[in-house]
>>> print(open('start-v7.pdb').read())   # PDB, C-alpha atoms and all ligand atoms
ATOM      1  CA  MET Q 616       0.000   0.000   0.000  1.00  0.00           C
ATOM      2  CA  LYS Q 617       2.833   2.327   0.817  1.00  0.00           C
ATOM      3  CA  PHE Q 618       4.520   1.756  -2.540  1.00  0.00           C
ATOM      4  CA  ARG Q 619       1.262   2.385  -4.345  1.00  0.00           C
ATOM      5  CA  LEU Q 620       0.756   5.598  -2.425  1.00  0.00           C
ATOM      6  CA  ILE Q 621       4.225   6.860  -3.310  1.00  0.00           C
ATOM      7  CA  ALA Q 622       3.529   6.122  -6.967  1.00  0.00           C
ATOM      8  CA  ILE Q 623       0.314   8.115  -6.809  1.00  0.00           C
ATOM      9  CA  ALA Q 624       1.988  11.020  -5.042  1.00  0.00           C
ATOM     10  CA  VAL Q 625       4.784  11.182  -7.605  1.00  0.00           C
ATOM     11  CA  GLY Q 626       2.303  10.967 -10.459  1.00  0.00           C
ATOM     12  CA  ALA Q 627       0.242  13.791  -9.048  1.00  0.00           C
ATOM     13  CA  SER Q 628       3.236  16.079  -8.563  1.00  0.00           C
ATOM     14  CA  LEU Q 629       4.421  15.433 -12.120  1.00  0.00           C
ATOM     15  CA  LEU Q 630       1.032  16.446 -13.447  1.00  0.00           C
ATOM     16  CA  VAL Q 631       1.084  19.599 -11.365  1.00  0.00           C
ATOM     17  CA  GLY Q 632       4.593  20.413 -12.537  1.00  0.00           C
ATOM     18  CA  CYS Q 633       3.794  20.025 -16.219  1.00  0.00           C
ATOM     19  CA  HIS Q 634       0.666  22.061 -15.882  1.00  0.00           C
ATOM     20  CA  ASP Q 635       2.462  24.952 -14.238  1.00  0.00           C
ATOM     21  CA  ASP Q 636       5.078  25.001 -16.972  1.00  0.00           C
ATOM     22  CA  ASP Q 637       2.627  25.074 -19.823  1.00  0.00           C
ATOM     23  CA  HIS Q 638      -0.183  27.306 -18.636  1.00  0.00           C
ATOM     24  CA  ASN Q 639      -0.987  30.382 -16.712  1.00  0.00           C
ATOM     25  CA  ILE Q 640      -2.868  29.377 -13.571  1.00  0.00           C
ATOM     26  CA  ILE Q 641      -5.077  32.468 -13.623  1.00  0.00           C
ATOM     27  CA  ASP Q 642      -6.243  31.645 -17.135  1.00  0.00           C
ATOM     28  CA  ASP Q 643      -7.127  28.141 -15.991  1.00  0.00           C
ATOM     29  CA  ASN Q 644      -9.317  29.604 -13.269  1.00  0.00           C
ATOM     30  CA  ASN Q 645     -11.558  31.123 -15.905  1.00  0.00           C
ATOM     31  CA  ASP Q 646     -11.586  28.056 -18.093  1.00  0.00           C
ATOM     32  CA  ASP Q 647     -13.394  25.485 -15.980  1.00  0.00           C
ATOM     33  CA  THR Q 648     -15.652  24.250 -18.732  1.00  0.00           C
ATOM     34  CA  THR Q 649     -12.782  22.854 -20.761  1.00  0.00           C
ATOM     35  CA  GLN Q 650     -10.639  21.624 -17.866  1.00  0.00           C
ATOM     36  CA  THR Q 651     -10.371  17.843 -17.922  1.00  0.00           C
ATOM     37  CA  THR Q 652      -8.631  17.345 -14.591  1.00  0.00           C
ATOM     38  CA  ARG Q 653      -8.851  18.917 -11.166  1.00  0.00           C
ATOM     39  CA  SER Q 654      -6.353  18.657  -8.319  1.00  0.00           C
ATOM     40  CA  TYR Q 655      -7.088  18.653  -4.608  1.00  0.00           C
ATOM     41  CA  THR Q 656      -5.393  18.291  -1.265  1.00  0.00           C
ATOM     42  CA  VAL Q 657      -7.282  16.504   1.488  1.00  0.00           C
ATOM     43  CA  THR Q 658      -6.038  17.061   5.037  1.00  0.00           C
ATOM     44  CA  VAL Q 659      -7.360  15.342   8.152  1.00  0.00           C
ATOM     45  CA  LYS Q 660      -6.234  16.590  11.563  1.00  0.00           C
ATOM     46  CA  ASN Q 661      -6.676  14.379  14.623  1.00  0.00           C
ATOM     47  CA  LEU Q 662      -8.454  16.396  17.338  1.00  0.00           C
ATOM     48  CA  THR Q 663      -8.609  13.662  20.008  1.00  0.00           C
ATOM     49  CA  PRO Q 664      -6.338  13.494  23.082  1.00  0.00           C
ATOM     50  CA  ASN Q 665      -5.416   9.799  22.826  1.00  0.00           C
ATOM     51  CA  GLN Q 666      -7.004   8.141  19.819  1.00  0.00           C
ATOM     52  CA  PRO Q 667      -4.578   7.515  16.960  1.00  0.00           C
ATOM     53  CA  LEU Q 668      -6.355   7.499  13.593  1.00  0.00           C
ATOM     54  CA  SER Q 669      -5.718   4.646  11.171  1.00  0.00           C
ATOM     55  CA  PRO Q 670      -4.346   5.451   7.683  1.00  0.00           C
ATOM     56  CA  LEU Q 671      -6.911   7.508   5.802  1.00  0.00           C
ATOM     57  CA  ALA Q 672      -9.071   6.025   3.090  1.00  0.00           C
ATOM     58  CA  VAL Q 673     -10.193   8.531   0.461  1.00  0.00           C
ATOM     59  CA  LEU Q 674     -12.444   7.644  -2.467  1.00  0.00           C
ATOM     60  CA  ALA Q 675     -13.491   9.850  -5.378  1.00  0.00           C
ATOM     61  CA  HIS Q 676     -16.727   8.678  -6.964  1.00  0.00           C
ATOM     62  CA  ASN Q 677     -19.977   9.655  -8.651  1.00  0.00           C
ATOM     63  CA  ASP Q 678     -23.292  10.382  -6.946  1.00  0.00           C
ATOM     64  CA  GLN Q 679     -24.395   6.742  -7.098  1.00  0.00           C
ATOM     65  CA  TYR Q 680     -21.928   5.722  -4.379  1.00  0.00           C
ATOM     66  CA  ARG Q 681     -22.114   6.205  -0.613  1.00  0.00           C
ATOM     67  CA  LEU Q 682     -19.430   5.027   1.812  1.00  0.00           C
ATOM     68  CA  PHE Q 683     -22.065   4.642   4.515  1.00  0.00           C
ATOM     69  CA  SER Q 684     -25.579   5.703   5.452  1.00  0.00           C
ATOM     70  CA  VAL Q 685     -26.519   6.632   9.011  1.00  0.00           C
ATOM     71  CA  GLY Q 686     -29.094   4.183  10.360  1.00  0.00           C
ATOM     72  CA  GLU Q 687     -28.166   1.457   7.888  1.00  0.00           C
ATOM     73  CA  ALA Q 688     -25.778  -1.503   8.067  1.00  0.00           C
ATOM     74  CA  ALA Q 689     -22.115  -0.841   7.310  1.00  0.00           C
ATOM     75  CA  SER Q 690     -20.543  -2.427   4.233  1.00  0.00           C
ATOM     76  CA  ASP Q 691     -18.055  -5.247   4.796  1.00  0.00           C
ATOM     77  CA  GLY Q 692     -15.241  -2.888   3.823  1.00  0.00           C
ATOM     78  CA  LEU Q 693     -16.319  -0.285   6.366  1.00  0.00           C
ATOM     79  CA  GLU Q 694     -16.662  -3.010   9.032  1.00  0.00           C
ATOM     80  CA  ILE Q 695     -13.055  -4.043   8.402  1.00  0.00           C
ATOM     81  CA  LEU Q 696     -11.786  -0.448   8.520  1.00  0.00           C
ATOM     82  CA  ALA Q 697     -13.796   0.475  11.626  1.00  0.00           C
ATOM     83  CA  GLU Q 698     -12.750  -2.632  13.589  1.00  0.00           C
ATOM     84  CA  SER Q 699      -9.125  -3.042  12.507  1.00  0.00           C
ATOM     85  CA  GLY Q 700      -7.979   0.188  10.839  1.00  0.00           C
ATOM     86  CA  ASP Q 701      -7.169  -1.726   7.633  1.00  0.00           C
ATOM     87  CA  ASN Q 702      -8.246   0.504   4.735  1.00  0.00           C
ATOM     88  CA  SER Q 703      -7.454  -1.959   1.929  1.00  0.00           C
ATOM     89  CA  SER Q 704     -11.012  -3.227   1.441  1.00  0.00           C
ATOM     90  CA  ILE Q 705     -12.397   0.311   1.218  1.00  0.00           C
ATOM     91  CA  LEU Q 706      -9.670   1.264  -1.274  1.00  0.00           C
ATOM     92  CA  ALA Q 707     -10.519  -1.861  -3.330  1.00  0.00           C
ATOM     93  CA  GLU Q 708     -13.939  -0.332  -4.033  1.00  0.00           C
ATOM     94  CA  LYS Q 709     -12.202   1.304  -6.980  1.00  0.00           C
ATOM     95  CA  GLU Q 710     -11.813  -2.147  -8.549  1.00  0.00           C
ATOM     96  CA  MET Q 711     -15.116  -3.566  -7.261  1.00  0.00           C
ATOM     97  CA  ASN Q 712     -17.556  -0.704  -7.857  1.00  0.00           C
ATOM     98  CA  THR Q 713     -17.889   1.068 -11.202  1.00  0.00           C
ATOM     99  CA  ASN Q 714     -19.150   4.206  -9.428  1.00  0.00           C
ATOM    100  CA  VAL Q 715     -15.785   4.651  -7.675  1.00  0.00           C
ATOM    101  CA  GLY Q 716     -13.185   6.158  -9.958  1.00  0.00           C
ATOM    102  CA  TYR Q 717     -10.261   6.710  -7.629  1.00  0.00           C
ATOM    103  CA  SER Q 718      -8.939   5.536  -4.258  1.00  0.00           C
ATOM    104  CA  PHE Q 719      -6.153   7.027  -2.174  1.00  0.00           C
ATOM    105  CA  SER Q 720      -4.506   5.918   1.073  1.00  0.00           C
ATOM    106  CA  GLY Q 721      -3.018   8.135   3.738  1.00  0.00           C
ATOM    107  CA  THR Q 722       0.678   7.826   4.575  1.00  0.00           C
ATOM    108  CA  GLY Q 723       0.176   6.103   7.925  1.00  0.00           C
ATOM    109  CA  VAL Q 724      -1.298   6.397  11.396  1.00  0.00           C
ATOM    110  CA  VAL Q 725      -2.293   9.962  12.331  1.00  0.00           C
ATOM    111  CA  LEU Q 726      -1.368  10.586  15.958  1.00  0.00           C
ATOM    112  CA  PRO Q 727      -3.365  12.952  18.204  1.00  0.00           C
ATOM    113  CA  GLY Q 728      -2.673  16.565  17.244  1.00  0.00           C
ATOM    114  CA  ASN Q 729      -1.090  15.537  13.950  1.00  0.00           C
ATOM    115  CA  SER Q 730      -2.498  15.615  10.437  1.00  0.00           C
ATOM    116  CA  ASP Q 731      -2.039  13.773   7.172  1.00  0.00           C
ATOM    117  CA  THR Q 732      -2.479  15.198   3.672  1.00  0.00           C
ATOM    118  CA  ILE Q 733      -3.283  13.424   0.425  1.00  0.00           C
ATOM    119  CA  THR Q 734      -2.821  15.221  -2.898  1.00  0.00           C
ATOM    120  CA  PHE Q 735      -4.473  13.922  -6.043  1.00  0.00           C
ATOM    121  CA  THR Q 736      -5.752  14.766  -9.507  1.00  0.00           C
ATOM    122  CA  ILE Q 737      -9.051  13.477 -10.851  1.00  0.00           C
ATOM    123  CA  ASP Q 738     -11.236  13.739 -13.929  1.00  0.00           C
ATOM    124  CA  PRO Q 739     -14.425  15.485 -12.716  1.00  0.00           C
ATOM    125  CA  THR Q 740     -16.539  13.724 -15.331  1.00  0.00           C
ATOM    126  CA  GLN Q 741     -15.595  10.407 -13.696  1.00  0.00           C
ATOM    127  CA  ALA Q 742     -15.719  11.457 -10.052  1.00  0.00           C
ATOM    128  CA  SER Q 743     -16.836  14.722  -8.498  1.00  0.00           C
ATOM    129  CA  LEU Q 744     -17.678  13.535  -4.985  1.00  0.00           C
ATOM    130  CA  VAL Q 745     -15.323  12.412  -2.224  1.00  0.00           C
ATOM    131  CA  SER Q 746     -15.626  10.154   0.810  1.00  0.00           C
ATOM    132  CA  VAL Q 747     -13.130   9.900   3.668  1.00  0.00           C
ATOM    133  CA  ALA Q 748     -12.820   7.437   6.574  1.00  0.00           C
ATOM    134  CA  SER Q 749     -10.393   6.494   9.361  1.00  0.00           C
ATOM    135  CA  MET Q 750     -10.670   4.382  12.527  1.00  0.00           C
ATOM    136  CA  LEU Q 751     -10.167   5.640  16.087  1.00  0.00           C
ATOM    137  CA  VAL Q 752      -7.928   2.695  16.894  1.00  0.00           C
ATOM    138  CA  ASN Q 753      -8.455   2.664  20.663  1.00  0.00           C
ATOM    139  CA  THR Q 754     -12.119   1.786  20.163  1.00  0.00           C
ATOM    140  CA  ASN Q 755     -14.029  -1.332  19.194  1.00  0.00           C
ATOM    141  CA  ASP Q 756     -15.443   0.052  15.941  1.00  0.00           C
ATOM    142  CA  GLY Q 757     -15.396   3.844  16.081  1.00  0.00           C
ATOM    143  CA  PHE Q 758     -14.442   5.845  13.002  1.00  0.00           C
ATOM    144  CA  VAL Q 759     -14.455   9.350  11.588  1.00  0.00           C
ATOM    145  CA  GLY Q 760     -16.021   9.553   8.170  1.00  0.00           C
ATOM    146  CA  GLU Q 761     -17.696  11.796   5.643  1.00  0.00           C
ATOM    147  CA  THR Q 762     -19.365  10.696   2.442  1.00  0.00           C
ATOM    148  CA  GLN Q 763     -20.659  12.277  -0.765  1.00  0.00           C
ATOM    149  CA  LEU Q 764     -18.815  15.562  -0.341  1.00  0.00           C
ATOM    150  CA  ASP Q 765     -19.566  17.321  -3.624  1.00  0.00           C
ATOM    151  CA  LEU Q 766     -16.511  19.132  -5.000  1.00  0.00           C
ATOM    152  CA  THR Q 767     -18.185  20.286  -8.224  1.00  0.00           C
ATOM    153  CA  SER Q 768     -18.554  23.925  -7.257  1.00  0.00           C
ATOM    154  CA  LEU Q 769     -15.273  24.285  -5.371  1.00  0.00           C
ATOM    155  CA  ALA Q 770     -13.222  26.972  -7.160  1.00  0.00           C
ATOM    156  CA  VAL Q 771      -9.463  26.851  -7.583  1.00  0.00           C
ATOM    157  CA  GLY Q 772      -7.904  28.027  -4.328  1.00  0.00           C
ATOM    158  CA  ALA Q 773     -11.097  27.501  -2.322  1.00  0.00           C
ATOM    159  CA  SER Q 774     -11.411  25.088   0.588  1.00  0.00           C
ATOM    160  CA  LEU Q 775     -14.125  22.988   2.135  1.00  0.00           C
ATOM    161  CA  ASN Q 776     -13.588  22.777   5.903  1.00  0.00           C
ATOM    162  CA  MET Q 777     -15.591  20.704   8.341  1.00  0.00           C
ATOM    163  CA  ASN Q 778     -15.460  18.812  11.587  1.00  0.00           C
ATOM    164  CA  MET Q 779     -15.642  15.045  11.247  1.00  0.00           C
ATOM    165  CA  ALA Q 780     -18.153  13.250  13.430  1.00  0.00           C
ATOM    166  CA  VAL Q 781     -17.169  10.038  15.220  1.00  0.00           C
ATOM    167  CA  TRP Q 782     -19.456   7.196  14.164  1.00  0.00           C
ATOM    168  CA  ASP Q 783     -20.004   3.707  15.547  1.00  0.00           C
ATOM    169  CA  SER Q 784     -20.068   1.239  12.647  1.00  0.00           C
ATOM    170  CA  GLY Q 785     -22.518  -0.914  14.601  1.00  0.00           C
ATOM    171  CA  THR Q 786     -20.576  -4.067  13.762  1.00  0.00           C
ATOM    172  CA  GLU Q 787     -18.821  -4.783  17.088  1.00  0.00           C
ATOM    173  CA  ASN Q 788     -20.064  -4.563  20.659  1.00  0.00           C
ATOM    174  CA  ASN Q 789     -18.393  -1.689  22.549  1.00  0.00           C
ATOM    175  CA  ASP Q 790     -17.065  -3.855  25.382  1.00  0.00           C
ATOM    176  CA  GLU Q 791     -13.726  -1.936  25.481  1.00  0.00           C
ATOM    177  CA  SER Q 792     -11.959  -5.151  26.515  1.00  0.00           C
ATOM    178  CA  ALA Q 793      -8.218  -5.656  26.067  1.00  0.00           C
ATOM    179  CA  ALA Q 794      -9.012  -8.568  23.763  1.00  0.00           C
ATOM    180  CA  SER Q 795     -11.092  -6.499  21.348  1.00  0.00           C
ATOM    181  CA  ILE Q 796      -9.356  -3.097  21.068  1.00  0.00           C
ATOM    182  CA  PRO Q 797      -6.615  -3.213  18.398  1.00  0.00           C
ATOM    183  CA  GLY Q 798      -4.906   0.124  19.158  1.00  0.00           C
ATOM    184  CA  PRO Q 799      -1.891   0.758  21.423  1.00  0.00           C
ATOM    185  CA  ALA Q 800      -4.117   0.896  24.508  1.00  0.00           C
ATOM    186  CA  ALA Q 801      -4.620  -2.866  24.243  1.00  0.00           C
ATOM    187  CA  GLY Q 802      -3.181  -4.599  21.182  1.00  0.00           C
ATOM    188  CA  GLY Q 803      -6.236  -6.814  20.916  1.00  0.00           C
ATOM    189  CA  GLU Q 804      -8.168  -8.221  17.994  1.00  0.00           C
ATOM    190  CA  GLY Q 805      -8.979  -6.117  14.959  1.00  0.00           C
ATOM    191  CA  PHE Q 806     -11.578  -7.319  12.503  1.00  0.00           C
ATOM    192  CA  ASN Q 807     -14.025 -10.061  13.395  1.00  0.00           C
ATOM    193  CA  SER Q 808     -16.740 -10.935  10.890  1.00  0.00           C
ATOM    194  CA  ALA Q 809     -19.327 -11.399  13.667  1.00  0.00           C
ATOM    195  CA  ARG Q 810     -21.771  -8.500  13.900  1.00  0.00           C
ATOM    196  CA  ASP Q 811     -22.535  -8.390  17.615  1.00  0.00           C
ATOM    197  CA  ASP Q 812     -23.743  -4.780  17.823  1.00  0.00           C
ATOM    198  CA  ASN Q 813     -26.930  -3.135  16.491  1.00  0.00           C
ATOM    199  CA  ASN Q 814     -25.740  -3.459  12.866  1.00  0.00           C
ATOM    200  CA  ARG Q 815     -26.360   0.131  11.902  1.00  0.00           C
ATOM    201  CA  VAL Q 816     -24.124   3.184  11.666  1.00  0.00           C
ATOM    202  CA  SER Q 817     -24.871   5.804  14.308  1.00  0.00           C
ATOM    203  CA  PHE Q 818     -23.229   8.652  16.202  1.00  0.00           C
ATOM    204  CA  HIS Q 819     -20.687   7.113  18.570  1.00  0.00           C
ATOM    205  CA  ALA Q 820     -21.899   7.340  22.157  1.00  0.00           C
ATOM    206  CA  GLY Q 821     -18.288   7.691  23.368  1.00  0.00           C
ATOM    207  CA  VAL Q 822     -16.238   5.273  25.424  1.00  0.00           C
ATOM    208  CA  ILE Q 823     -16.955   4.709  29.119  1.00  0.00           C
ATOM    209  CA  SER Q 824     -13.440   3.661  30.259  1.00  0.00           C
ATOM    210  CA  LEU Q 825     -12.152   2.188  33.514  1.00  0.00           C
ATOM    211  CA  ASP Q 826     -11.973   5.680  35.045  1.00  0.00           C
ATOM    212  CA  ASP Q 827     -15.698   6.075  34.547  1.00  0.00           C
ATOM    213  CA  GLY Q 828     -16.518   2.777  36.202  1.00  0.00           C
ATOM    214  CA  LEU Q 829     -16.467   0.126  33.495  1.00  0.00           C
ATOM    215  CA  ALA Q 830     -14.351  -2.405  35.414  1.00  0.00           C
ATOM    216  CA  THR Q 831     -13.598  -4.558  32.362  1.00  0.00           C
ATOM    217  CA  SER Q 832     -12.490  -1.611  30.180  1.00  0.00           C
ATOM    218  CA  VAL Q 833      -8.870  -1.452  29.018  1.00  0.00           C
ATOM    219  CA  LEU Q 834      -9.374   2.259  28.316  1.00  0.00           C
ATOM    220  CA  ASN Q 835      -8.928   5.236  30.638  1.00  0.00           C
ATOM    221  CA  ALA Q 836     -10.158   8.802  30.666  1.00  0.00           C
ATOM    222  CA  THR Q 837      -7.591   9.923  28.074  1.00  0.00           C
ATOM    223  CA  HIS Q 838      -9.230   7.682  25.488  1.00  0.00           C
ATOM    224  CA  ARG Q 839     -12.538   9.457  25.782  1.00  0.00           C
ATOM    225  CA  PHE Q 840     -13.764  11.707  23.011  1.00  0.00           C
ATOM    226  CA  LEU Q 841     -16.755  13.820  22.335  1.00  0.00           C
ATOM    227  CA  ASN Q 842     -17.668  14.615  18.781  1.00  0.00           C
ATOM    228  CA  PRO Q 843     -15.946  15.785  16.611  1.00  0.00           C
ATOM    229  CA  GLY Q 844     -12.861  13.565  16.358  1.00  0.00           C
ATOM    230  CA  ALA Q 845     -11.058  15.209  13.468  1.00  0.00           C
ATOM    231  CA  GLN Q 846     -11.010  18.223  11.203  1.00  0.00           C
ATOM    232  CA  LEU Q 847     -11.250  17.808   7.438  1.00  0.00           C
ATOM    233  CA  SER Q 848     -10.020  20.342   4.901  1.00  0.00           C
ATOM    234  CA  ILE Q 849     -10.267  19.868   1.143  1.00  0.00           C
ATOM    235  CA  THR Q 850      -8.610  22.501  -1.055  1.00  0.00           C
ATOM    236  CA  ARG Q 851      -8.801  22.636  -4.822  1.00  0.00           C
ATOM    237  CA  THR Q 852      -5.338  23.497  -6.123  1.00  0.00           C
ATOM    238  CA  GLU Q 853      -5.995  23.360  -9.890  1.00  0.00           C
TER     239      GLU Q 853
HETATM  240 CA    CA Y 901     -19.901  -0.634  18.174  1.00  0.00          CA
HETATM  241 CA    CA Y 902     -17.551  -7.377  13.318  1.00  0.00          CA
END
>>> encode(input="start-v7.pdb", output="structure tokens", more="lines below")
Ligand SMILES: [Ca+2]
Ligand SMILES: [Ca+2]
Amino acid sequence: MKFRLIAIAVGASLLVGCHDDDHNIIDDNNDDTTQTTRSYTVTVKNLTPNQPLSPLAVLAHNDQYRLFSVGEAASDGLEILAESGDNSSILAEKEMNTNVGYSFSGTGVVLPGNSDTITFTIDPTQASLVSVASMLVNTNDGFVGETQLDLTSLAVGASLNMNMAVWDSGTENNDESAASIPGPAAGGEGFNSARDDNNRVSFHAGVISLDDGLATSVLNATHRFLNPGAQLSITRTE
């Protein structure tokens, strides 16, 4: 995954470089109707005190695709990401789903207070909407995610900024046990195909933790979070 990411990053920067050499950027701003590619940077900043975020999954797609729907069952790919932090199944949507034109992985785990940025170029006739997801790894199945963010009207140089809600994928019981939390707080199990929660995506109710009286919890007060869990910024660069 890392090698693939590097290849994408290099490809994107080459495109940007060529474009700058050949054209005046200001002219391009006024020439949207004929522009066949658009470039963006997507940055996610971790706002939590002690919840590392798993490597970002970013998809660019058309309006027929949703990464998740609140109140409905998570996809298998989202279950895997939300329980283990493994983004590979979500990224494989590009191969599995004709509505998904592009997939991009973050560079690695995003520690509290840190951010990760993905830069990419897409053809807006193939994909004009973006979805983003990442697991809070010291949880059973908590994740930050946004879906169907429409970039169509975002002008060059403009940004879309928003707070990312923390969701519960509904695919794993929030027992907070050492055996079931994969992050550094516990080192327990990641993905398990059993769906022993309510099987629908909802706002995460937060963790309880040992400090709040859940005697079997491997978590403490530092692992708590209240929405939002991260900040998302998408800037159109070309
Ligand atoms: Ca859950
Ligand atoms: Ca599960």
>>> closest_atom_pairs(input="start-v7.pdb", of="chain Q", to="ligand CA 902 (chain Y)", cutoff="6 Å", atoms="all atoms listed in the file", output="JSON lines")
{"residue": "Q:Thr786", "atom": "CA", "partner": "Y:CA902", "partner_atom": "CA", "distance": 4.5}
{"residue": "Q:Glu787", "atom": "CA", "partner": "Y:CA902", "partner_atom": "CA", "distance": 4.7}
{"residue": "Q:Asn807", "atom": "CA", "partner": "Y:CA902", "partner_atom": "CA", "distance": 4.4}
{"residue": "Q:Ser808", "atom": "CA", "partner": "Y:CA902", "partner_atom": "CA", "distance": 4.4}
{"residue": "Q:Ala809", "atom": "CA", "partner": "Y:CA902", "partner_atom": "CA", "distance": 4.4}
{"residue": "Q:Arg810", "atom": "CA", "partner": "Y:CA902", "partner_atom": "CA", "distance": 4.4}
>>> residues_near_ligand(input="start-v7.pdb", ligand="ligand CA 901 (chain Y)", cutoff="7 Å", atoms="only C-alpha atoms and all ligand atoms", output="JSON list (two decimals) with C-alpha atoms, in the coordinates of the input")
[["chain", "number", "residue", "atom", "x", "y", "z"],
["Q", 755, "ASN", "CA", -14.03, -1.33, 19.19],
["Q", 756, "ASP", "CA", -15.44, 0.05, 15.94],
["Q", 757, "GLY", "CA", -15.40, 3.84, 16.08],
["Q", 783, "ASP", "CA", -20.00, 3.71, 15.55],
["Q", 784, "SER", "CA", -20.07, 1.24, 12.65],
["Q", 785, "GLY", "CA", -22.52, -0.91, 14.60],
["Q", 786, "THR", "CA", -20.58, -4.07, 13.76],
["Q", 787, "GLU", "CA", -18.82, -4.78, 17.09],
["Q", 788, "ASN", "CA", -20.06, -4.56, 20.66],
["Q", 789, "ASN", "CA", -18.39, -1.69, 22.55],
["Q", 812, "ASP", "CA", -23.74, -4.78, 17.82]]
>>> resolve_selection(input="start-v7.pdb", expression="the PyMOL selection byres (((chain Q and resi 676-693) around 8) and not hetatm)", output="PyMOL selection string")
chain Q and resi 674-675+694-697+702+704-705+714-717+741-746+761-763+784-786+814-817
>>> closest_residue(input="start-v7.pdb", among="Q:Ser703, Q:Thr767, Q:Ser669, Q:Asn712", to="Met750 in chain Q", atoms="only C-alpha atoms")
Q:Ser669
>>> axis_aligned_box(input="start-v7.pdb", around="range 745-759 of chain Q", padding_each_side="4 Å", output="JSON")
{"center_x": -11.8, "center_y": 5.5, "center_z": 9.2, "size_x": 15.7, "size_y": 21.7, "size_z": 30.9}
>>> closest_residue(input="start-v7.pdb", among="Q:Ala780, Q:Ser824, Q:Gly798, Q:Asp765", to="Asp701 in chain Q", atoms="all atoms listed in the file")
Q:Gly798
>>> closest_residue(input="start-v7.pdb", among="Q:Ala830, Q:Val759, Q:Ile796, Q:Ala707", to="Asn778 in chain Q", atoms="only C-alpha atoms")
Q:Val759
>>> resolve_selection(input="start-v7.pdb", expression="the PyMOL selection byres (((chain Q and resi 839-849) around 8) and not hetatm)", output="mmCIF file with C-alpha atoms, in the coordinates of the input")
data_model
loop_
_atom_site.group_PDB
_atom_site.id
_atom_site.type_symbol
_atom_site.label_atom_id
_atom_site.label_comp_id
_atom_site.auth_asym_id
_atom_site.auth_seq_id
_atom_site.Cartn_x
_atom_site.Cartn_y
_atom_site.Cartn_z
ATOM 1 C CA TYR Q 655 -7.088 18.653 -4.608
ATOM 2 C CA THR Q 656 -5.393 18.291 -1.265
ATOM 3 C CA VAL Q 657 -7.282 16.504 1.488
ATOM 4 C CA THR Q 658 -6.038 17.061 5.037
ATOM 5 C CA VAL Q 659 -7.360 15.342 8.152
ATOM 6 C CA LYS Q 660 -6.234 16.590 11.563
ATOM 7 C CA ASN Q 661 -6.676 14.379 14.623
ATOM 8 C CA LEU Q 662 -8.454 16.396 17.338
ATOM 9 C CA THR Q 663 -8.609 13.662 20.008
ATOM 10 C CA PRO Q 664 -6.338 13.494 23.082
ATOM 11 C CA ASN Q 665 -5.416 9.799 22.826
ATOM 12 C CA VAL Q 759 -14.455 9.350 11.588
ATOM 13 C CA SER Q 774 -11.411 25.088 0.588
ATOM 14 C CA LEU Q 775 -14.125 22.988 2.135
ATOM 15 C CA ASN Q 776 -13.588 22.777 5.903
ATOM 16 C CA MET Q 777 -15.591 20.704 8.341
ATOM 17 C CA ASN Q 778 -15.460 18.812 11.587
ATOM 18 C CA MET Q 779 -15.642 15.045 11.247
ATOM 19 C CA ALA Q 780 -18.153 13.250 13.430
ATOM 20 C CA VAL Q 781 -17.169 10.038 15.220
ATOM 21 C CA GLY Q 821 -18.288 7.691 23.368
ATOM 22 C CA VAL Q 822 -16.238 5.273 25.424
ATOM 23 C CA ILE Q 823 -16.955 4.709 29.119
ATOM 24 C CA SER Q 824 -13.440 3.661 30.259
ATOM 25 C CA ASN Q 835 -8.928 5.236 30.638
ATOM 26 C CA ALA Q 836 -10.158 8.802 30.666
ATOM 27 C CA THR Q 837 -7.591 9.923 28.074
ATOM 28 C CA HIS Q 838 -9.230 7.682 25.488
ATOM 29 C CA THR Q 850 -8.610 22.501 -1.055
ATOM 30 C CA ARG Q 851 -8.801 22.636 -4.822
#
>>> atom_distance(input="start-v7.pdb", atom1="CA of Asp738 in chain Q", atom2="CA of Gly723 in chain Q")
25.8 Å
>>> residues_around(input="start-v7.pdb", residues="Ala800 in chain Q", least_positions_apart="4", cutoff="7 Å", atoms="all atoms listed in the file", output="mmCIF file with C-alpha atoms, in the frame of the given file")
data_model
loop_
_atom_site.group_PDB
_atom_site.id
_atom_site.type_symbol
_atom_site.label_atom_id
_atom_site.label_comp_id
_atom_site.auth_asym_id
_atom_site.auth_seq_id
_atom_site.Cartn_x
_atom_site.Cartn_y
_atom_site.Cartn_z
ATOM 1 C CA ASN Q 753 -8.455 2.664 20.663
ATOM 2 C CA VAL Q 833 -8.870 -1.452 29.018
ATOM 3 C CA LEU Q 834 -9.374 2.259 28.316
#
>>> closest_residue(input="start-v7.pdb", among="Q:Ser654, Q:Glu791, Q:Ala773, Q:Ser832", to="Thr736 in chain Q", atoms="only C-alpha atoms")
Q:Ser654
>>> atom_distance(input="start-v7.pdb", atom1="CA of Leu671 in chain Q", atom2="CA of Gly772 in chain Q")
22.9 Å
>>> residues_around(input="start-v7.pdb", residues="Gly721 in chain Q", least_positions_apart="5", cutoff="8 Å", atoms="all atoms listed in the file", output="PyMOL selection string")
chain Q and resi 620+670-673+731-733
>>> atom_distance(input="start-v7.pdb", atom1="CA of Val725 in chain Q", atom2="CA of Asp790 in chain Q")
24.1 Å
>>> residues_near_point(input="start-v7.pdb", point="(-8.5, 16.8, -18.3)", cutoff="10 Å", atoms="all atoms listed in the file", output="PyMOL selection string")
chain Q and resi 649-653+736-740
